[in-house]
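*Asks:* Input upload18.cif, format and content: mmCIF, C-alpha atoms.
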```
data_run
#
loop_
_atom_site.group_PDB
_atom_site.id
_atom_site.type_symbol
_atom_site.label_atom_id
_atom_site.label_comp_id
_atom_site.auth_asym_id
_atom_site.auth_seq_id
_atom_site.Cartn_x
_atom_site.Cartn_y
_atom_site.Cartn_z
ATOM 1 C CA MET A 278 0.000 0.000 0.000
ATOM 2 C CA ALA A 279 1.744 3.128 -1.258
ATOM 3 C CA GLY A 280 5.121 1.646 -0.256
ATOM 4 C CA LYS A 281 4.165 1.354 3.429
ATOM 5 C CA LEU A 282 3.636 -1.689 5.648
ATOM 6 C CA PHE A 283 0.728 -2.142 8.034
ATOM 7 C CA ALA A 284 1.267 -5.880 8.692
ATOM 8 C CA LEU A 285 4.283 -8.151 8.455
ATOM 9 C CA SER A 286 4.276 -11.912 8.941
ATOM 10 C CA ALA A 287 6.088 -15.113 8.062
ATOM 11 C CA LEU A 288 3.003 -17.006 6.900
ATOM 12 C CA ASP A 289 4.626 -20.398 7.453
ATOM 13 C CA SER A 290 5.532 -19.708 11.092
ATOM 14 C CA GLU A 291 4.086 -21.869 13.863
ATOM 15 C CA PRO A 292 2.379 -20.369 15.726
ATOM 16 C CA LEU A 293 1.351 -17.652 13.253
ATOM 17 C CA LYS A 294 2.544 -14.237 14.401
ATOM 18 C CA VAL A 295 2.013 -10.863 12.762
ATOM 19 C CA ASN A 296 3.586 -7.474 13.425
ATOM 20 C CA LEU A 297 0.968 -4.707 13.481
ATOM 21 C CA LYS A 298 1.312 -0.966 13.879
ATOM 22 C CA CYS A 299 -0.342 0.459 16.987
ATOM 23 C CA ASP A 300 -0.807 3.736 18.815
ATOM 24 C CA PRO A 301 2.054 3.810 21.376
ATOM 25 C CA GLU A 302 -0.184 4.149 24.467
ATOM 26 C CA GLU A 303 -2.576 1.475 23.186
ATOM 27 C CA ALA A 304 0.399 -0.791 22.417
ATOM 28 C CA VAL A 305 1.542 -0.708 26.041
ATOM 29 C CA ARG A 306 -1.980 -1.353 27.341
ATOM 30 C CA LEU A 307 -2.502 -4.309 25.004
ATOM 31 C CA ARG A 308 0.841 -5.860 26.028
ATOM 32 C CA GLU A 309 -0.070 -5.559 29.703
ATOM 33 C CA GLU A 310 -3.504 -7.155 29.204
ATOM 34 C CA HIS A 311 -2.677 -9.924 26.707
ATOM 35 C CA PRO A 312 0.295 -12.316 26.935
ATOM 36 C CA ALA A 313 -0.177 -13.026 23.195
ATOM 37 C CA ILE A 314 0.819 -9.427 22.370
ATOM 38 C CA ALA A 315 4.484 -8.473 22.670
ATOM 39 C CA PRO A 316 6.677 -5.583 21.522
ATOM 40 C CA GLY A 317 7.196 -5.696 17.753
ATOM 41 C CA TYR A 318 9.842 -8.249 16.794
ATOM 42 C CA HIS A 319 12.572 -6.496 14.763
ATOM 43 C CA MET A 320 10.386 -3.366 14.584
ATOM 44 C CA ASN A 321 10.132 -0.037 16.408
ATOM 45 C CA LYS A 322 8.802 -1.362 19.698
ATOM 46 C CA ARG A 323 7.049 1.898 20.512
ATOM 47 C CA HIS A 324 4.802 1.699 17.436
ATOM 48 C CA TRP A 325 4.604 -2.012 16.623
ATOM 49 C CA ASN A 326 3.271 -5.111 18.386
ATOM 50 C CA THR A 327 3.800 -8.770 17.554
ATOM 51 C CA VAL A 328 0.491 -10.620 17.846
ATOM 52 C CA THR A 329 0.268 -14.409 18.199
ATOM 53 C CA VAL A 330 -2.836 -15.014 16.114
ATOM 54 C CA GLY A 331 -4.264 -18.259 17.506
ATOM 55 C CA GLU A 332 -4.112 -17.069 21.112
ATOM 56 C CA LEU A 333 -6.545 -14.153 20.701
ATOM 57 C CA PRO A 334 -10.179 -14.040 19.578
ATOM 58 C CA ASP A 335 -10.483 -13.744 15.780
ATOM 59 C CA ARG A 336 -12.527 -10.556 16.106
ATOM 60 C CA MET A 337 -9.790 -8.888 18.156
ATOM 61 C CA VAL A 338 -7.119 -9.851 15.614
ATOM 62 C CA ARG A 339 -9.260 -8.387 12.793
ATOM 63 C CA GLU A 340 -9.699 -5.158 14.766
ATOM 64 C CA LEU A 341 -5.950 -4.917 15.395
ATOM 65 C CA VAL A 342 -5.261 -5.411 11.659
ATOM 66 C CA GLU A 343 -7.845 -2.767 10.744
ATOM 67 C CA ASP A 344 -6.413 -0.333 13.305
ATOM 68 C CA SER A 345 -2.914 -0.891 11.922
ATOM 69 C CA TYR A 346 -4.111 -0.224 8.368
ATOM 70 C CA ASP A 347 -5.956 2.925 9.462
ATOM 71 C CA LEU A 348 -2.876 4.288 11.273
ATOM 72 C CA VAL A 349 -0.677 3.802 8.215
ATOM 73 C CA VAL A 350 -3.235 5.299 5.832
ATOM 74 C CA ALA A 351 -3.675 8.321 8.124
ATOM 75 C CA GLY A 352 0.052 9.022 7.804
ATOM 76 C CA LEU A 353 -0.016 9.093 4.006
ATOM 77 C CA PRO A 354 -0.260 12.325 1.998
ATOM 78 C CA LYS A 355 -3.837 13.355 1.211
ATOM 79 C CA ALA A 356 -3.427 12.748 -2.532
ATOM 80 C CA VAL A 357 -2.361 9.147 -1.873
ATOM 81 C CA ARG A 358 -5.229 8.587 0.580
ATOM 82 C CA LEU A 359 -7.700 9.809 -2.043
ATOM 83 C CA ARG A 360 -6.303 7.353 -4.601
ATOM 84 C CA LEU A 361 -6.746 4.495 -2.113
ATOM 85 C CA ASP A 362 -10.426 5.401 -1.649
ATOM 86 C CA ARG A 363 -11.172 4.957 -5.353
ATOM 87 C CA PRO A 364 -12.338 1.535 -6.591
#
```
Would you mind writing the file's structure down as structure tokens?
*Replies:*
Amino acid sequence: MAGKLFALSALDSEPLKVNLKCDPEEAVRLREEHPAIAPGYHMNKRHWNTVTVGELPDRMVRELVEDSYDLVVAGLPKAVRLRLDRP
């Protein structure tokens, strides 16, 4: 997406883990509340979390992915965001 990442995973890893961008304050809260969420592996640990997929409810994982996407899109220039909105 416009040269930016919002999710990063080794799809063949067991268990499946994905790095997702997160608001820094929310990232800390999530790590404290969920053992399946850790600071981003090989990423900026302030802005990224590593999520172990099978250990969290599917709905929560989807919400974390959507939040990550939204954060990255919000940081893009307006002209790029407008292009992403078009079908």
*Asks:* Find the residues around region 281-290 of chain A up to 12 Å (only C-alpha atoms counted), leave out those fewer than 2 positions away in its own chain, and share them as a PyMOL selection string.
*Replies:* chain A and resi 278-279+292-299+317-320+324-331+338-339+341-354+357
*Asks:* How far is it from CA of Glu310 (chain A) to CA of Leu333 (chain A), in Å with one decimal?
*Replies:*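 It comes out at 11.4 Å.
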*Asks:* With distances taken over only C-alpha atoms, which of A:Ala356, A:Leu361, A:Ala304, A:Met337 is nearest to Lys322 (chain A)?
*Replies:*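 Ranked by minimum distance to Lys322 (chain A), first place goes to A:Ala304.
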*Asks:* What is the distance between CA of Pro301 (chain A) and CA of Asp335 (chain A), in Å to one decimal?
*Replies:*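 Interatomic distance here is 22.3 Å.
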*Asks:* Tell me, in Å to one decimal, how far CA of Asp300 (chain A) is from CA of Gly280 (chain A).
*Replies:* 20.1 Å
